[in-house]
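Undergrad: Right, I'll just put the structure down here and ask away after.
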Amino acid sequence: QVQLVESGGGLVQPGGSLRLSCAASGRVFTINTMGWYRQAPGKERELVAQITSSGVPVYTDSVKGRFAISRDNAKSTVYLQMNALEPEDTAVYYCYAHTVYAYWGQGTQVTVSS
């Protein structure tokens with residue numbers, strides 16, 4: 001079992017920045033990929049970014065150049081630095097960790113609005 005706890009969401013103006021954190025606990029040695037999905041109202045959940053245990057990142061096209069994912073394996077924590085935020089980034093952001101199974105955090109709200 002793996003437990004995930006997210007933090008760092010909130011309200012920010014367009015063009016602003018936020019940093020999300022997700023700390024894993026439990027059988028963390030079994031984790032391969034970690035990452036972030038998001039779900040906006042009325043839309044399907046979509047991948048934002050993910051990173052392998054060796055640090056290889058993948059981003060969805062809409063966030064390339066604005067978001068950066070990183071991982072601290074010693075702390076079993078994954079981060080998502082979000083810059084140049086746009087209203088279209090408004091969503092609930094979910095952390096996930098993939099072992100043989102997929103584990104999800106509870107979600108954190110990110111709202112980009114003036």
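Every chain in the structure tokens takes a letter, A first, then B, and so on in the order presented; its residues are numbered from 1, and the ligands are numbered from 1 following the presented order.
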I'd like the contact shell of Leu85 of chain A - 9 Å cut-off, only C-alpha atoms, skipping same-chain residues fewer than 4 positions apart - returned as a PyMOL selection string.
TA: chain A and resi 12-18+66-67+89-90+112
Undergrad: I need the residues in chain A that are strand (DSSP E) according to DSSP; give them as a ChimeraX atom specification.
TA: /A:2-7,10-12,18-26,34-39,46-51,57-59,67-72,77-82,91-98,102-104,108-112
Undergrad: Name all residues at most 9 Å from Thr77 of chain A (count only C-alpha atoms; drop same-chain ones fewer than 2 positions away) and give them as a ChimeraX atom specification.
TA: /A:21-24,34,70-75,79
Undergrad: With C-alpha atoms kept, could you save the residues just selected as a PDB file, in the first residue's frame?
TA:
ATOM      1  CA  SER A  21       3.883  18.814  -3.445  1.00  0.00           C
ATOM      2  CA  CYS A  22       2.941  15.177  -3.000  1.00  0.00           C
ATOM      3  CA  ALA A  23       4.504  13.078  -0.261  1.00  0.00           C
ATOM      4  CA  ALA A  24       4.293   9.314  -0.439  1.00  0.00           C
ATOM      5  CA  MET A  34       4.885   9.458 -10.056  1.00  0.00           C
ATOM      6  CA  SER A  70      10.668  17.078 -10.121  1.00  0.00           C
ATOM      7  CA  ARG A  71      11.157  14.283  -7.665  1.00  0.00           C
ATOM      8  CA  ASP A  72      13.091  13.755  -4.456  1.00  0.00           C
ATOM      9  CA  ASN A  73      13.403  10.003  -4.042  1.00  0.00           C
ATOM     10  CA  ALA A  74      14.997  10.362  -0.596  1.00  0.00           C
ATOM     11  CA  LYS A  75      11.851  12.127   0.599  1.00  0.00           C
ATOM     12  CA  TYR A  79       6.710  18.398  -6.988  1.00  0.00           C
TER      13      TYR A  79
END
Undergrad: Hey, what's within 12 Å of Val56 of chain A if we count only C-alpha atoms and toss same-chain stuff fewer than 6 positions away? As a PDB file with all heavy atoms, in the first residue's frame, please?
TA:
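The resulting file, out_18.pdb, is shown below:
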ATOM      1  N   ASN A  32       7.325   3.293  -9.045  1.00  0.00           N
ATOM      2  CA  ASN A  32       8.048   3.583 -10.287  1.00  0.00           C
ATOM      3  C   ASN A  32       7.769   5.025 -10.681  1.00  0.00           C
ATOM      4  O   ASN A  32       8.390   5.947 -10.238  1.00  0.00           O
ATOM      5  CB  ASN A  32       7.634   2.599 -11.374  1.00  0.00           C
ATOM      6  CG  ASN A  32       7.953   1.175 -11.002  1.00  0.00           C
ATOM      7  OD1 ASN A  32       9.068   0.871 -10.606  1.00  0.00           O
ATOM      8  ND2 ASN A  32       6.983   0.293 -11.103  1.00  0.00           N
ATOM      9  N   THR A  33       6.766   5.223 -11.493  1.00  0.00           N
ATOM     10  CA  THR A  33       6.419   6.561 -11.963  1.00  0.00           C
ATOM     11  C   THR A  33       5.529   7.290 -10.955  1.00  0.00           C
ATOM     12  O   THR A  33       4.657   6.681 -10.332  1.00  0.00           O
ATOM     13  CB  THR A  33       5.690   6.457 -13.309  1.00  0.00           C
ATOM     14  OG1 THR A  33       6.553   5.820 -14.255  1.00  0.00           O
ATOM     15  CG2 THR A  33       5.309   7.827 -13.838  1.00  0.00           C
ATOM     16  N   MET A  34       5.768   8.574 -10.818  1.00  0.00           N
ATOM     17  CA  MET A  34       4.885   9.458 -10.056  1.00  0.00           C
ATOM     18  C   MET A  34       4.506  10.620 -10.961  1.00  0.00           C
ATOM     19  O   MET A  34       5.231  10.957 -11.912  1.00  0.00           O
ATOM     20  CB  MET A  34       5.562   9.997  -8.795  1.00  0.00           C
ATOM     21  CG  MET A  34       5.920   8.929  -7.783  1.00  0.00           C
ATOM     22  SD  MET A  34       6.595   9.622  -6.246  1.00  0.00           S
ATOM     23  CE  MET A  34       5.086  10.269  -5.484  1.00  0.00           C
ATOM     24  N   GLY A  35       3.366  11.234 -10.659  1.00  0.00           N
ATOM     25  CA  GLY A  35       2.975  12.352 -11.508  1.00  0.00           C
ATOM     26  C   GLY A  35       1.711  13.020 -11.055  1.00  0.00           C
ATOM     27  O   GLY A  35       1.237  12.803  -9.921  1.00  0.00           O
ATOM     28  N   ALA A  49       1.673  15.855 -15.996  1.00  0.00           N
ATOM     29  CA  ALA A  49       3.102  15.552 -16.078  1.00  0.00           C
ATOM     30  C   ALA A  49       3.386  14.311 -15.241  1.00  0.00           C
ATOM     31  O   ALA A  49       2.684  14.033 -14.274  1.00  0.00           O
ATOM     32  CB  ALA A  49       3.947  16.720 -15.572  1.00  0.00           C
ATOM     33  N   GLN A  50       4.426  13.576 -15.631  1.00  0.00           N
ATOM     34  CA  GLN A  50       4.854  12.435 -14.852  1.00  0.00           C
ATOM     35  C   GLN A  50       6.368  12.337 -14.916  1.00  0.00           C
ATOM     36  O   GLN A  50       6.999  12.931 -15.806  1.00  0.00           O
ATOM     37  CB  GLN A  50       4.210  11.142 -15.334  1.00  0.00           C
ATOM     38  CG  GLN A  50       4.603  10.723 -16.735  1.00  0.00           C
ATOM     39  CD  GLN A  50       3.892   9.451 -17.167  1.00  0.00           C
ATOM     40  OE1 GLN A  50       2.780   9.152 -16.733  1.00  0.00           O
ATOM     41  NE2 GLN A  50       4.542   8.683 -18.036  1.00  0.00           N
ATOM     42  N   ALA A  68       7.033  22.446 -14.432  1.00  0.00           N
ATOM     43  CA  ALA A  68       8.208  21.595 -14.264  1.00  0.00           C
ATOM     44  C   ALA A  68       7.948  20.596 -13.153  1.00  0.00           C
ATOM     45  O   ALA A  68       7.571  20.986 -12.039  1.00  0.00           O
ATOM     46  CB  ALA A  68       9.432  22.430 -13.948  1.00  0.00           C
ATOM     47  N   ILE A  69       8.132  19.323 -13.461  1.00  0.00           N
ATOM     48  CA  ILE A  69       7.958  18.272 -12.466  1.00  0.00           C
ATOM     49  C   ILE A  69       9.331  17.827 -11.975  1.00  0.00           C
ATOM     50  O   ILE A  69      10.288  17.764 -12.755  1.00  0.00           O
ATOM     51  CB  ILE A  69       7.161  17.080 -13.048  1.00  0.00           C
ATOM     52  CG1 ILE A  69       6.770  16.103 -11.942  1.00  0.00           C
ATOM     53  CG2 ILE A  69       7.927  16.392 -14.172  1.00  0.00           C
ATOM     54  CD1 ILE A  69       5.759  15.050 -12.392  1.00  0.00           C
ATOM     55  N   SER A  70       9.417  17.567 -10.696  1.00  0.00           N
ATOM     56  CA  SER A  70      10.668  17.078 -10.121  1.00  0.00           C
ATOM     57  C   SER A  70      10.342  16.071  -9.026  1.00  0.00           C
ATOM     58  O   SER A  70       9.199  15.977  -8.579  1.00  0.00           O
ATOM     59  CB  SER A  70      11.517  18.221  -9.578  1.00  0.00           C
ATOM     60  OG  SER A  70      10.824  18.929  -8.563  1.00  0.00           O
ATOM     61  N   ARG A  71      11.383  15.372  -8.612  1.00  0.00           N
ATOM     62  CA  ARG A  71      11.157  14.283  -7.665  1.00  0.00           C
ATOM     63  C   ARG A  71      12.352  14.165  -6.736  1.00  0.00           C
ATOM     64  O   ARG A  71      13.502  14.239  -7.176  1.00  0.00           O
ATOM     65  CB  ARG A  71      10.958  12.985  -8.450  1.00  0.00           C
ATOM     66  CG  ARG A  71      10.696  11.740  -7.677  1.00  0.00           C
ATOM     67  CD  ARG A  71      10.294  10.643  -8.649  1.00  0.00           C
ATOM     68  NE  ARG A  71      10.160   9.361  -7.978  1.00  0.00           N
ATOM     69  CZ  ARG A  71       9.653   8.275  -8.547  1.00  0.00           C
ATOM     70  NH1 ARG A  71       9.241   8.328  -9.806  1.00  0.00           N
ATOM     71  NH2 ARG A  71       9.569   7.156  -7.883  1.00  0.00           N
TER      72      ARG A  71
END
Undergrad: Residues within 8 Å of Leu4 of chain A, please, as a list in words. Count only C-alpha atoms; anything in the same chain fewer than 3 positions from it doesn't count.
TA: Cys22, Ala23, Ala24, Ser25, Cys95, Tyr96, Ala97, Tyr103, Trp104, Gly105 and Gln106 of chain A
Undergrad: Have a look at atom CA of Arg19 of chain A and atom CA of Lys64 of chain A and let me know their distance in Å, one decimal.
TA: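 Atom-to-atom, atom CA of Arg19 of chain A and atom CA of Lys64 of chain A are spaced 15.6 Å apart.
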Undergrad: For a test of reading the model, state the distance in Å between atom CA of Leu20 of chain A and atom CA of Ala102 of chain A, rounded to one decimal.
TA: 19.4 Å
Undergrad: Set the distance at 9 Å and use only C-alpha atoms: which residues neighbour segment 38-47 of chain A once local chain neighbours fewer than 5 positions away are removed? I'd like the list as an mmCIF file with C-alpha atoms, in the first residue's frame.
TA:
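Dumped to around-v9.cif:
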data_model
loop_
_atom_site.group_PDB
_atom_site.id
_atom_site.type_symbol
_atom_site.label_atom_id
_atom_site.label_comp_id
_atom_site.auth_asym_id
_atom_site.auth_seq_id
_atom_site.Cartn_x
_atom_site.Cartn_y
_atom_site.Cartn_z
ATOM 1 C CA TYR A 59 4.480 16.714 -20.054
ATOM 2 C CA THR A 60 1.199 17.223 -21.784
ATOM 3 C CA GLU A 88 -7.577 27.087 -18.320
ATOM 4 C CA ASP A 89 -5.291 25.493 -15.705
ATOM 5 C CA THR A 90 -8.088 25.704 -13.136
ATOM 6 C CA ALA A 91 -8.827 22.173 -11.956
ATOM 7 C CA VAL A 92 -8.458 19.711 -9.140
ATOM 8 C CA TYR A 93 -4.931 18.321 -9.338
ATOM 9 C CA TYR A 94 -4.366 14.710 -8.318
ATOM 10 C CA CYS A 95 -1.050 13.146 -7.484
ATOM 11 C CA GLY A 107 -6.739 16.087 -4.858
#
Undergrad: Atom CA of Trp36 of chain A to atom CA of Met82 of chain A: how many Å, to one decimal?
TA: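 So the two atoms, atom CA of Trp36 of chain A and atom CA of Met82 of chain A, lie 11.7 Å apart.
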